[in-house]
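*Asks:* The following file, protein_6.txt, comprises compact mmCIF, C-alpha atoms:
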```txt
# COMPACT_ATOMS: atom_id res chain seq x y z
CA MET A 1 -48.69 49.09 48.22
CA LYS A 2 -48.02 49.79 51.89
CA ARG A 3 -48.53 46.10 52.64
CA LEU A 4 -45.94 45.19 49.99
CA LEU A 5 -43.40 47.64 51.40
CA LYS A 6 -43.92 46.16 54.88
CA LYS A 7 -43.27 42.66 53.51
CA VAL A 8 -40.07 43.83 51.80
CA MET A 9 -38.89 45.44 55.05
CA ALA A 10 -39.67 42.24 56.98
CA LEU A 11 -37.65 40.18 54.50
CA CYS A 12 -34.71 42.59 54.79
CA LEU A 13 -34.76 42.41 58.59
CA ALA A 14 -35.03 38.62 58.52
CA ALA A 15 -32.03 38.42 56.21
CA CYS A 16 -30.09 40.69 58.57
CA ALA A 17 -30.79 38.32 61.44
CA ILE A 18 -29.32 35.29 59.64
CA THR A 19 -26.33 37.06 58.06
CA PRO A 20 -23.02 35.92 59.57
CA LEU A 21 -21.02 38.74 61.13
CA SER A 22 -17.61 37.10 61.38
CA ALA A 23 -17.22 35.32 58.02
CA LYS A 24 -15.16 37.27 55.51
CA SER A 25 -17.00 37.59 52.20
CA HIS A 26 -15.29 36.95 48.88
CA THR A 27 -16.03 40.52 47.81
CA GLU A 28 -14.15 41.76 50.87
CA THR A 29 -11.21 39.49 50.00
CA GLN A 30 -11.18 40.88 46.46
CA LEU A 31 -11.25 44.43 47.81
CA ASP A 32 -8.32 43.64 50.11
CA SER A 33 -6.23 42.66 47.10
CA LEU A 34 -7.22 45.89 45.34
CA ILE A 35 -6.31 48.01 48.38
CA ALA A 36 -2.90 46.33 48.48
CA ASN A 37 -2.32 47.01 44.76
CA HIS A 38 -0.92 50.54 44.91
CA LYS A 39 2.33 52.32 44.23
CA LEU A 40 2.95 54.80 47.04
CA ILE A 41 5.13 57.87 46.57
CA PHE A 42 5.93 59.69 49.83
CA PHE A 43 6.98 63.31 49.97
CA GLY A 44 8.30 65.45 52.79
CA ASP A 45 10.92 64.79 55.46
CA GLY A 46 11.10 61.94 57.93
CA GLU A 47 10.52 58.19 57.74
CA ASN A 48 7.72 56.52 55.83
CA PRO A 49 4.45 56.28 57.80
CA HIS A 50 3.32 53.09 59.49
CA ALA A 51 1.64 50.51 57.23
CA ASP A 52 -1.61 50.65 59.24
CA SER A 53 -1.86 54.41 58.71
CA VAL A 54 -1.29 53.99 54.99
CA ARG A 55 -3.94 51.26 54.69
CA SER A 56 -6.45 53.30 56.69
CA LEU A 57 -6.13 56.25 54.31
CA ILE A 58 -6.29 54.14 51.14
CA THR A 59 -9.35 52.29 52.46
CA ASN A 60 -11.23 55.61 52.52
CA PHE A 61 -11.15 55.60 48.72
CA TYR A 62 -13.43 52.54 48.69
CA TYR A 63 -15.69 52.86 51.73
CA ASP A 64 -17.99 55.43 50.20
CA GLN A 65 -21.72 55.57 50.98
CA PHE A 66 -22.48 56.49 47.37
CA ARG A 67 -19.93 54.35 45.53
CA HIS A 68 -21.33 52.49 42.50
CA PHE A 69 -20.02 49.18 41.13
CA GLN A 70 -19.02 50.91 37.88
CA ASP A 71 -17.09 53.69 39.61
CA PRO A 72 -13.31 53.53 39.05
CA ALA A 73 -10.97 52.02 41.65
CA ALA A 74 -8.55 54.15 43.67
CA PRO A 75 -5.57 55.33 41.57
CA TYR A 76 -2.63 52.96 41.31
CA PHE A 77 -0.15 55.79 41.97
CA LEU A 78 -0.78 57.63 45.25
CA PHE A 79 1.17 60.60 46.57
CA MET A 80 1.19 60.59 50.36
CA SER A 81 2.75 62.83 53.01
CA LYS A 82 5.23 61.29 55.45
CA ASN A 83 2.80 61.70 58.36
CA SER A 84 0.00 60.08 56.27
CA ASP A 85 -2.22 63.13 56.83
CA LEU A 86 -2.59 63.81 53.10
CA ALA A 87 -3.07 61.52 50.11
CA MET A 88 -3.56 62.59 46.51
CA GLY A 89 -4.21 60.52 43.44
CA ILE A 90 -5.06 60.92 39.76
CA GLY A 91 -6.64 57.84 38.25
CA GLY A 92 -9.28 56.56 35.92
CA VAL A 93 -10.67 53.67 33.97
CA VAL A 94 -10.51 52.76 30.29
CA ARG A 95 -13.73 50.89 29.52
CA MET A 96 -14.94 49.46 26.21
CA ARG A 97 -18.32 47.82 25.67
CA GLY A 98 -19.81 45.99 22.73
CA TRP A 99 -23.33 44.64 22.21
CA CYS A 100 -25.48 42.65 19.84
CA ASP A 101 -29.30 42.91 19.73
CA TRP A 102 -31.61 40.42 18.03
CA GLY A 103 -35.29 39.46 18.16
CA GLY A 104 -36.14 43.03 19.12
CA SER A 105 -33.69 45.91 19.42
CA VAL A 106 -33.25 48.93 21.69
CA ASN A 107 -31.94 51.80 19.59
CA SER A 108 -29.48 52.92 22.26
CA SER A 109 -26.14 51.97 23.76
CA ALA A 110 -28.00 51.64 27.08
CA PHE A 111 -30.46 48.76 27.41
CA ALA A 112 -33.74 50.11 28.81
CA PRO A 113 -37.22 48.50 28.48
CA TYR A 114 -38.80 51.94 28.09
CA LEU A 115 -36.96 52.36 24.76
CA ILE A 116 -38.31 49.16 23.19
CA PRO A 117 -40.30 50.37 20.16
CA ILE A 118 -43.97 49.39 19.85
CA PRO A 119 -44.84 48.50 17.14
CA SER A 120 -41.58 46.99 15.97
CA ASP A 121 -39.27 48.94 13.69
CA PRO A 122 -38.38 46.66 10.73
CA THR A 123 -35.34 48.83 9.95
CA HIS A 124 -33.90 48.26 13.42
CA ASP A 125 -34.73 44.71 14.47
CA LYS A 126 -31.06 43.78 14.94
CA ASP A 127 -28.12 45.88 16.00
CA LEU A 128 -24.38 45.65 16.58
CA GLY A 129 -22.55 48.43 18.38
CA THR A 130 -19.58 49.48 20.49
CA THR A 131 -18.96 52.39 22.81
CA PRO A 132 -16.17 53.82 24.99
CA ALA A 133 -18.81 55.42 27.24
CA GLY A 134 -17.85 55.11 30.88
CA THR A 135 -14.15 55.76 30.26
CA SER A 136 -13.28 58.34 32.88
CA LEU A 137 -10.60 60.30 34.72
CA PHE A 138 -10.71 61.52 38.29
CA PHE A 139 -8.72 63.45 40.87
CA ARG A 140 -9.08 62.86 44.60
CA VAL A 141 -7.47 64.34 47.71
CA LEU A 142 -7.94 62.89 51.21
CA GLY A 143 -6.55 64.61 54.26
CA ARG A 144 -6.66 65.40 57.95
CA ASN A 145 -6.23 68.89 59.34
CA LYS A 146 -6.19 70.15 62.93
CA THR A 147 -8.63 72.94 62.08
CA LEU A 148 -10.85 71.35 59.41
CA GLY A 149 -10.70 67.76 60.61
CA ASN A 150 -11.11 65.11 57.85
CA TYR A 151 -11.66 66.46 54.36
CA GLN A 152 -11.89 65.20 50.80
CA LEU A 153 -11.90 66.76 47.34
CA PHE A 154 -13.14 64.83 44.31
CA ILE A 155 -13.53 65.61 40.60
CA GLN A 156 -14.57 63.06 37.98
CA ALA A 157 -15.26 63.44 34.27
CA GLN A 158 -16.08 60.77 31.71
CA PHE A 159 -16.53 60.18 28.00
CA SER A 160 -20.30 59.83 27.77
CA GLY A 161 -21.43 63.07 26.16
CA TYR A 162 -22.38 63.60 22.52
CA ASP A 163 -22.07 60.33 20.58
CA ASN A 164 -20.61 58.78 23.78
CA ARG A 165 -17.26 60.43 23.09
CA ASP A 166 -17.43 63.98 24.43
CA PHE A 167 -15.78 64.61 27.80
CA LYS A 168 -18.20 65.88 30.46
CA LEU A 169 -18.20 66.51 34.19
CA LYS A 170 -19.77 63.71 36.25
CA LYS A 171 -18.99 64.72 39.85
CA ALA A 172 -17.22 67.56 41.64
CA TYR A 173 -17.55 67.96 45.39
CA ALA A 174 -15.81 68.61 48.69
CA ILE A 175 -16.39 66.77 51.98
CA ILE A 176 -15.42 68.37 55.28
CA ASN A 177 -16.22 66.13 58.24
CA ASP A 178 -20.02 65.58 58.08
CA TRP A 179 -20.68 68.05 55.26
CA THR A 180 -20.69 67.51 51.49
CA ILE A 181 -20.88 70.49 49.14
CA GLY A 182 -20.87 70.25 45.36
CA TYR A 183 -22.06 68.17 42.42
CA ALA A 184 -22.58 64.71 43.93
CA THR A 185 -24.90 61.68 44.00
CA SER A 186 -28.32 62.50 45.45
CA THR A 187 -29.12 61.46 49.02
CA PHE A 188 -32.21 59.79 47.55
CA SER A 189 -30.18 56.91 46.15
CA ASP A 190 -28.27 53.82 47.20
CA PRO A 191 -25.73 52.87 44.51
CA GLY A 192 -24.24 50.20 46.78
CA ALA A 193 -27.55 48.28 46.67
CA GLU A 194 -27.48 48.03 42.87
CA PRO A 195 -26.16 44.69 41.55
CA PRO A 196 -23.25 44.61 39.08
CA THR A 197 -24.11 44.89 35.39
CA VAL A 198 -22.10 45.11 32.21
CA ASP A 199 -24.70 47.41 30.65
CA ALA A 200 -24.05 51.04 31.51
CA ASN A 201 -27.72 51.70 32.30
CA GLY A 202 -27.95 48.98 34.94
CA SER A 203 -31.39 47.72 35.90
CA ASN A 204 -34.53 49.70 35.05
CA VAL A 205 -34.87 50.55 38.76
CA SER A 206 -31.41 52.09 39.27
CA MET A 207 -31.41 55.48 40.99
CA ASP A 208 -28.11 57.31 41.12
CA GLN A 209 -29.04 60.85 40.11
CA THR A 210 -26.46 63.61 40.52
CA ALA A 211 -27.22 67.15 41.68
CA VAL A 212 -25.56 70.20 43.19
CA LEU A 213 -26.26 69.79 46.88
CA VAL A 214 -25.36 70.51 50.48
CA ARG A 215 -25.52 67.35 52.58
CA TRP A 216 -25.03 66.57 56.27
CA MET A 217 -24.31 62.93 57.12
CA ARG A 218 -23.27 61.37 60.43
CA ASP A 219 -22.78 57.94 61.98
CA PHE A 220 -24.19 57.09 65.41
CA LYS A 221 -23.20 54.21 67.71
CA SER A 222 -21.26 52.45 64.92
CA HIS A 223 -24.37 50.89 63.28
CA TRP A 224 -26.60 53.86 62.45
CA ARG A 225 -26.19 56.52 59.77
CA VAL A 226 -28.43 59.48 59.00
CA ALA A 227 -28.20 62.12 56.29
CA ALA A 228 -30.18 65.08 55.00
CA SER A 229 -29.59 67.40 52.05
CA VAL A 230 -30.92 70.30 50.04
CA GLU A 231 -30.46 69.70 46.32
CA THR A 232 -30.79 71.75 43.15
CA PRO A 233 -34.15 70.80 41.59
CA ALA A 234 -34.84 69.50 38.10
CA MET A 235 -38.18 68.27 36.81
CA SER A 236 -39.72 66.62 33.76
CA LEU A 237 -43.30 67.80 33.10
CA ASP A 238 -45.61 66.72 30.29
CA THR A 239 -46.65 70.22 29.26
CA ASP A 240 -47.97 71.16 25.82
CA GLY A 241 -47.22 74.89 25.73
CA THR A 242 -50.88 75.60 24.90
CA SER A 243 -52.82 74.75 28.04
CA THR A 244 -49.92 74.15 30.45
CA ALA A 245 -46.34 75.35 30.79
CA ALA A 246 -43.49 74.63 33.20
CA ARG A 247 -42.40 77.40 35.55
CA SER A 248 -38.92 78.08 36.83
CA GLN A 249 -38.20 76.20 40.04
CA TYR A 250 -37.57 78.25 43.15
CA LEU A 251 -37.51 75.67 45.99
CA PRO A 252 -34.81 73.02 46.49
CA ASN A 253 -35.43 69.31 46.78
CA ILE A 254 -35.20 67.96 50.34
CA ALA A 255 -33.79 64.43 50.69
CA ALA A 256 -32.95 62.32 53.75
CA LEU A 257 -31.96 58.78 54.69
CA ILE A 258 -31.60 56.55 57.72
CA GLN A 259 -29.45 53.44 57.51
CA TYR A 260 -28.61 50.50 59.74
CA LYS A 261 -25.26 48.98 58.76
CA TRP A 262 -23.21 46.03 59.95
CA GLY A 263 -20.33 43.85 58.82
CA PHE A 264 -18.65 44.56 55.50
CA GLN A 265 -20.72 46.82 53.22
CA GLN A 266 -24.03 45.48 54.50
CA HIS A 267 -26.98 47.68 55.35
CA VAL A 268 -30.70 48.35 55.24
CA GLN A 269 -31.65 51.89 54.24
CA LEU A 270 -34.81 53.98 54.03
CA ALA A 271 -34.56 57.18 51.99
CA GLY A 272 -37.09 59.84 51.10
CA ILE A 273 -37.37 62.93 48.94
CA MET A 274 -39.77 65.87 48.75
CA ARG A 275 -39.79 68.20 45.76
CA SER A 276 -41.62 71.24 44.43
CA LEU A 277 -43.19 70.93 40.96
CA PRO A 278 -44.41 74.38 39.78
CA TYR A 279 -46.35 74.93 36.55
CA ARG A 280 -48.75 77.43 34.97
CA ASP A 281 -52.34 76.91 33.84
CA LEU A 282 -52.38 78.85 30.55
CA ILE A 283 -56.14 78.51 30.12
CA ASN A 284 -57.05 80.17 33.41
CA GLN A 285 -53.79 82.15 33.70
CA LYS A 286 -52.95 80.74 37.14
CA ASN A 287 -49.76 79.42 38.73
CA HIS A 288 -49.78 76.15 40.65
CA ASN A 289 -47.26 74.26 42.72
CA THR A 290 -47.57 70.52 43.46
CA ILE A 291 -45.49 68.66 46.03
CA GLY A 292 -43.90 65.45 44.79
CA TRP A 293 -42.44 62.79 47.07
CA GLY A 294 -40.78 59.39 47.00
CA LEU A 295 -39.71 56.64 49.39
CA GLN A 296 -36.98 54.09 48.76
CA LEU A 297 -36.20 50.96 50.79
CA SER A 298 -32.92 49.25 49.89
CA THR A 299 -30.49 46.67 51.19
CA VAL A 300 -27.26 44.83 50.41
CA LEU A 301 -26.06 41.89 52.52
CA HIS A 302 -23.97 38.70 52.49
CA PRO A 303 -26.06 35.69 53.66
CA LEU A 304 -22.99 33.53 52.91
CA PRO A 305 -19.35 34.53 52.34
CA GLN A 306 -19.70 33.83 48.62
CA LEU A 307 -23.24 35.24 48.20
CA THR A 308 -24.47 38.85 48.03
CA PHE A 309 -28.11 39.94 47.91
CA TYR A 310 -29.22 43.32 46.53
CA GLY A 311 -32.70 44.81 46.82
CA ILE A 312 -34.43 48.13 46.07
CA SER A 313 -38.11 49.09 46.31
CA CYS A 314 -39.52 52.56 45.53
CA TYR A 315 -42.92 54.22 45.59
CA GLY A 316 -44.10 57.81 45.35
CA LYS A 317 -45.79 60.53 43.33
CA GLY A 318 -44.02 63.08 41.16
CA PHE A 319 -40.58 61.48 41.47
CA ALA A 320 -40.45 59.46 38.23
CA SER A 321 -37.50 61.47 36.83
CA TYR A 322 -35.36 59.78 39.51
CA SER A 323 -36.32 56.25 38.39
CA GLY A 324 -34.10 54.33 35.95
CA ASP A 325 -36.71 53.49 33.29
CA MET A 326 -39.27 56.26 33.69
CA LEU A 327 -36.79 59.14 33.70
CA MET A 328 -36.72 58.69 29.92
CA GLY A 329 -40.31 59.97 29.72
CA LYS A 330 -42.09 62.97 31.24
CA TYR A 331 -43.89 61.49 34.21
CA ASP A 332 -43.22 63.85 37.11
CA MET A 333 -46.42 65.70 36.18
CA VAL A 334 -48.91 64.80 33.45
CA GLY A 335 -52.05 66.43 32.08
CA ASP A 336 -55.35 65.97 33.88
CA PRO A 337 -57.87 65.02 31.16
CA GLU A 338 -60.78 66.00 33.41
CA ARG A 339 -59.49 69.54 34.01
CA PRO A 340 -57.91 71.27 31.00
CA GLY A 341 -54.98 73.45 32.03
CA ARG A 342 -54.17 71.34 35.10
CA LEU A 343 -51.44 68.80 35.79
CA TYR A 344 -51.19 66.17 38.49
CA ALA A 345 -48.38 64.01 39.93
CA PRO A 346 -48.99 60.34 39.06
CA ALA A 347 -47.75 57.47 41.23
CA ALA A 348 -44.94 55.11 40.24
CA PHE A 349 -43.59 51.92 41.77
CA SER A 350 -40.43 49.91 41.17
CA LEU A 351 -38.86 46.78 42.60
CA MET A 352 -35.44 45.23 41.99
CA ALA A 353 -33.70 42.14 43.37
CA GLY A 354 -30.27 40.77 42.53
CA LEU A 355 -27.97 37.94 43.58
CA GLN A 356 -24.21 37.77 43.18
CA TYR A 357 -22.23 34.55 43.63
CA ASN A 358 -18.45 34.62 43.95
CA PHE A 359 -16.86 31.41 42.71
CA SER A 360 -13.62 32.92 43.99
CA PRO A 361 -12.50 36.41 45.00
CA THR A 362 -11.72 37.09 41.32
CA VAL A 363 -14.61 35.37 39.47
CA PHE A 364 -18.26 36.13 40.16
CA ALA A 365 -21.65 35.99 38.48
CA SER A 366 -24.88 37.84 39.15
CA ALA A 367 -28.52 37.81 38.12
CA THR A 368 -30.96 40.72 38.37
CA PHE A 369 -34.69 41.26 37.97
CA GLY A 370 -36.27 44.72 37.87
CA HIS A 371 -39.89 45.85 37.48
CA SER A 372 -40.91 49.49 36.98
CA ARG A 373 -44.61 50.44 36.84
CA TYR A 374 -46.46 53.64 35.97
CA LEU A 375 -49.62 54.12 38.10
CA PRO A 376 -51.68 57.08 36.81
CA SER A 377 -55.01 57.80 38.46
CA LYS A 378 -56.52 59.37 35.32
CA ALA A 379 -57.14 58.13 31.80
CA VAL A 380 -54.03 57.86 29.61
CA SER A 381 -53.25 57.26 25.95
CA PRO A 382 -53.58 53.54 25.07
CA ASP A 383 -50.04 53.45 23.65
CA ASP A 384 -48.48 54.96 26.78
CA TYR A 385 -45.92 53.02 28.84
CA LYS A 386 -47.49 50.88 31.59
CA TYR A 387 -44.59 48.87 32.93
CA GLY A 388 -41.15 47.59 32.04
CA GLN A 389 -39.33 44.44 33.09
CA PHE A 390 -35.59 43.91 33.04
CA MET A 391 -33.65 40.68 33.53
CA CYS A 392 -29.95 40.00 33.15
CA ALA A 393 -27.33 37.39 33.95
CA ASN A 394 -23.61 38.07 33.76
CA LEU A 395 -20.14 36.79 34.56
CA PHE A 396 -17.12 38.89 35.60
CA TRP A 397 -13.46 37.92 35.85
CA ASN A 398 -10.81 40.11 37.46
CA LEU A 399 -7.70 38.98 35.59
CA THR A 400 -5.67 41.24 37.89
CA PRO A 401 -6.84 43.61 40.65
CA ARG A 402 -7.12 46.28 37.92
CA ILE A 403 -8.13 44.44 34.74
CA GLN A 404 -11.69 43.16 34.46
CA ILE A 405 -13.67 41.50 31.68
CA GLY A 406 -17.37 40.68 31.68
CA GLY A 407 -20.18 39.23 29.59
CA GLU A 408 -23.93 39.63 30.03
CA PHE A 409 -27.29 38.59 28.61
CA ASP A 410 -30.05 41.21 28.90
CA LEU A 411 -33.76 40.58 28.42
CA GLY A 412 -36.37 43.35 28.56
CA ARG A 413 -40.09 43.76 28.06
CA ARG A 414 -42.23 46.87 27.58
CA GLN A 415 -45.99 46.72 28.16
CA ASN A 416 -48.38 49.50 27.12
CA PHE A 417 -51.81 50.27 28.51
CA ASN A 418 -53.47 48.83 25.40
CA HIS A 419 -51.87 45.44 26.27
CA GLU A 420 -49.42 45.62 23.40
CA HIS A 421 -45.94 44.51 24.41
CA ARG A 422 -42.56 43.62 22.95
CA TRP A 423 -39.39 41.91 24.12
CA ALA A 424 -35.80 42.87 23.40
CA ARG A 425 -32.63 40.84 23.82
CA ARG A 426 -28.99 41.84 24.06
CA LEU A 427 -25.58 40.26 24.51
CA ASN A 428 -23.11 42.61 26.20
CA ALA A 429 -19.34 42.35 26.53
CA MET A 430 -16.95 44.63 28.41
CA VAL A 431 -13.26 45.00 29.15
CA GLN A 432 -11.82 47.65 31.45
CA PHE A 433 -8.52 48.68 32.94
CA SER A 434 -8.28 50.86 36.07
CA PHE A 435 -5.18 52.88 36.82
```
Would it be possible to restate this file's structure as structure tokens?
*Replies:*
Amino acid sequence: MKRLLKKVMALCLAACAITPLSAKSHTETQLDSLIANHKLIFFGDGENPHADSVRSLITNFYYDQFRHFQDPAAPYFLFMSKNSDLAMGIGGVVRMRGWCDWGGSVNSSAFAPYLIPIPSDPTHDKDLGTTPAGTSLFFRVLGRNKTLGNYQLFIQAQFSGYDNRDFKLKKAYAIINDWTIGYATSTFSDPGAEPPTVDANGSNVSMDQTAVLVRWMRDFKSHWRVAASVETPAMSLDTDGTSTAARSQYLPNIAALIQYKWGFQQHVQLAGIMRSLPYRDLINQKNHNTIGWGLQLSTVLHPLPQLTFYGISCYGKGFASYSGDMLMGKYDMVGDPERPGRLYAPAAFSLMAGLQYNFSPTVFASATFGHSRYLPSKAVSPDDYKYGQFMCANLFWNLTPRIQIGGEFDLGRRQNFNHEHRWARRLNAMVQFSF
């Protein structure tokens, strides 16, 4: 496994060496048109601020370390002070998705190999569905203050609760200079390295967990970025209530990252997490605490102006609840069959690669492959999940800077330890309007 991670790192560094620094990518051109597509309302006395100051402040809406492809664009209407020290916007996205499954169905609006039923369910072999999940509203304030320096406030909620229609909080945080406090994307993630998908779940390797956290992040010498955070813990243990039981968590998760960045939204990043996993042995009446950990190597780069490469590789023990496919099970800690009353943290590995090709700044296609594997060191049930594979190909068209349509073909496979496996297929369609 270490040898594989070294090879992935070598490939990332080699790609960095051949990536052109001066050519403007099509994704950057498309973003330029989006940045220019705003209605500005100035308040206060004096003349309107200089155009460069306005653009600099609006650009901060998009250049976000933890921005995901499916996150909404900056609001069309922006309220800005005359000195351009404060900008406020209320925006959102109306998103509708529809899907059709055949030749194997995933009984969910999100396409995930883990959910493929084995054996097949004859009552659910085909499926047709729609969902407004992902429709969201947000409020953001960006400002500069002589005492506080640069600061930002952000609140986002979306319709993805019960039956994909209830309104629930997604993010709520404040950033003051290098510090982030609130409910935000975990430091152990890299949403920018995840390729675009129509499906809300993304690939089976996607990691964009959200937690209440305190994070410090700083740039050094223009190319380097480091961050560290303490995050509210959450765990998923396979306890039975008879021989083992979960205990309340009393230590925060510790996450950190180091990133080398260059050009437009291009970087190589190494992130890590360490977490406490407490449980109780009910047979021997003893408390135990296991340390879980994970490492993630990720990258996004533009080898050619019209081409974008995405890559993520993860390995660790006791971190499965952060992984796209395996978070649907209880794999942070599982029972030790050789020692009744004891749990252990099994290993897990995942690898994802994606390519995006821009035919023009407004039309692009992408293809993604993801592999997620469960690596227990003890005997498991024959019908337990062993690995999942995810493949998709899609096409997006930005009719205007704020109206986008997309279509996608998804293919997934689940393999169990007893060698039984099944495939599932899905056609996805999406239309969205950002405002």
*Asks:* Could you give me, as CSV, a per-residue list for stretch 322-412 of chain A showing, wherever an atom lies at most 10 Å from an atom of stretch 245-256 of chain A, the closest pair of atoms and their distance in Å to one decimal, using all atoms listed in the file and sorting by chain then residue number from low to high?
*Replies:*
```
residue,atom,partner,partner_atom,distance
A:Met333,CA,A:Ala246,CA,9.9
A:Gly341,CA,A:Ala245,CA,8.9
A:Arg342,CA,A:Ala245,CA,9.8
A:Leu343,CA,A:Ala245,CA,9.7
```
*Asks:* Find the residues of stretch 136-231 of chain A that sit at most 12 Å from stretch 344-353 of chain A; for each, write down the nearest two atoms and how far apart they are in Å, to one decimal. Count all atoms listed in the file. Sort by chain, then by number going up, and give it as JSON lines.
*Replies:*
```
{"residue": "A:Ala193", "atom": "CA", "partner": "A:Ala353", "partner_atom": "CA", "distance": 9.3}
{"residue": "A:Glu194", "atom": "CA", "partner": "A:Met352", "partner_atom": "CA", "distance": 8.5}
{"residue": "A:Pro195", "atom": "CA", "partner": "A:Ala353", "partner_atom": "CA", "distance": 8.2}
{"residue": "A:Pro196", "atom": "CA", "partner": "A:Ala353", "partner_atom": "CA", "distance": 11.6}
{"residue": "A:Gly202", "atom": "CA", "partner": "A:Met352", "partner_atom": "CA", "distance": 10.9}
{"residue": "A:Ser203", "atom": "CA", "partner": "A:Met352", "partner_atom": "CA", "distance": 7.7}
{"residue": "A:Asn204", "atom": "CA", "partner": "A:Met352", "partner_atom": "CA", "distance": 8.3}
{"residue": "A:Val205", "atom": "CA", "partner": "A:Ser350", "partner_atom": "CA", "distance": 6.1}
{"residue": "A:Ser206", "atom": "CA", "partner": "A:Met352", "partner_atom": "CA", "distance": 8.4}
{"residue": "A:Met207", "atom": "CA", "partner": "A:Ser350", "partner_atom": "CA", "distance": 10.6}
```
*Asks:* For A:Thr185, please output as a PyMOL selection string all residues within 7 Å (counting all atoms listed in the file; exclusion window: fewer than 2 positions along the same chain).
*Replies:* chain A and resi 66+187+208-211
*Asks:* Which of these, A:Met96, A:Met430, A:Ile181, A:Ala200, has the shortest distance to A:Gly324 once you count only C-alpha atoms?
*Replies:*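 Closest residue, counting only C-alpha atoms: A:Ala200.
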*Asks:* With all atoms listed in the file as the counted atoms, please give the residues lying no more than 10 Å from A:Gly134, apart from itself and same-chain residues fewer than 2 positions off, as a ChimeraX atom specification.
*Replies:* /A:70-72,93-97,131-132,136-137,157-161,164-165,200,432
*Asks:* Could you tell me how far atom CA of A:Ser236 sits from atom CA of A:Leu327, in Å to one decimal place?
*Replies:* 8.0 Å
*Asks:* If you count only C-alpha atoms, which residues fall within 7 Å of stretch 116-128 of chain A, apart from same-chain ones fewer than 2 positions away, as number ranges by chain?
*Replies:* A: 99-106, 113-114, 414, 421-422, 424
*Asks:* Just how far from atom CA of A:Asn284 is atom CA of A:Thr242, in Å to one decimal?
*Replies:*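 Rounded to one decimal, the two atoms are 11.5 Å apart.
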*Asks:* What's around A:Asp64 at 10 Å? Count only C-alpha atoms, leave out sequence neighbours fewer than 4 positions away in its own chain, and write the answer as a PyMOL selection string.
*Replies:* chain A and resi 59-60+68+191-192+265
*Asks:* Figure out the distance between atom CA of A:His267 and atom CA of A:Ile175, please, to one decimal in Å.
*Replies:* 22.1 Å
*Asks:* Around (-24.7, 58.5, 61.7) in the file's own coordinates, what residues are found within 12 Å if you use only C-alpha atoms, given back as a compact mmCIF listing (two decimals) with C-alpha atoms, keeping the file's coordinate frame?
*Replies:*
```txt
# COMPACT_ATOMS: atom_id res chain seq x y z
CA GLN A 65 -21.72 55.57 50.98
CA ASN A 177 -16.22 66.13 58.24
CA ASP A 178 -20.02 65.58 58.08
CA TRP A 216 -25.03 66.57 56.27
CA MET A 217 -24.31 62.93 57.12
CA ARG A 218 -23.27 61.37 60.43
CA ASP A 219 -22.78 57.94 61.98
CA PHE A 220 -24.19 57.09 65.41
CA LYS A 221 -23.20 54.21 67.71
CA SER A 222 -21.26 52.45 64.92
CA HIS A 223 -24.37 50.89 63.28
CA TRP A 224 -26.60 53.86 62.45
CA ARG A 225 -26.19 56.52 59.77
CA VAL A 226 -28.43 59.48 59.00
CA ALA A 227 -28.20 62.12 56.29
CA ALA A 228 -30.18 65.08 55.00
CA LEU A 257 -31.96 58.78 54.69
CA ILE A 258 -31.60 56.55 57.72
CA GLN A 259 -29.45 53.44 57.51
CA TYR A 260 -28.61 50.50 59.74
CA LYS A 261 -25.26 48.98 58.76
```
*Asks:* Of the candidates A:Ser108, A:Thr239, A:Ser434, A:Asn358, which shows the shortest atom-to-atom distance to A:Pro305, using only C-alpha atoms?
*Replies:* A:Asn358
*Asks:* Determine the nearest neighbour of A:Lys378 from the options A:Gly407, A:Glu420, A:Gln356, A:Gly335, counting all atoms listed in the file.
*Replies:*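 Answer, going by the shortest atom-to-atom distance: A:Gly335.
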*Asks:* Got a sec: who's within 8 Å of A:Val214, counting only C-alpha atoms, leaving out chain neighbours fewer than 4 positions off, as an MDAnalysis selection string?
*Replies:* chainID A and resid 179:182 229:231
*Asks:* Please determine, counting all atoms listed in the file, which residue among A:Val300, A:Leu169, A:Ala112, A:Met274 has the shortest atom-to-atom distance to A:Gly412.
*Replies:* A:Ala112
*Asks:* Pick from A:Arg275, A:Arg215, A:Arg413, A:Arg426: nearest to A:Gly388, with all atoms listed in the file counted?
*Replies:*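 Closest residue, counting all atoms listed in the file: A:Arg413.
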*Asks:* Of the candidates A:Ser360, A:Gln415, A:Gln404, A:Gln156, which one gets nearest to A:Tyr387 if we count all atoms listed in the file?
*Replies:*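 For A:Tyr387, the nearest of the candidates is A:Gln415.
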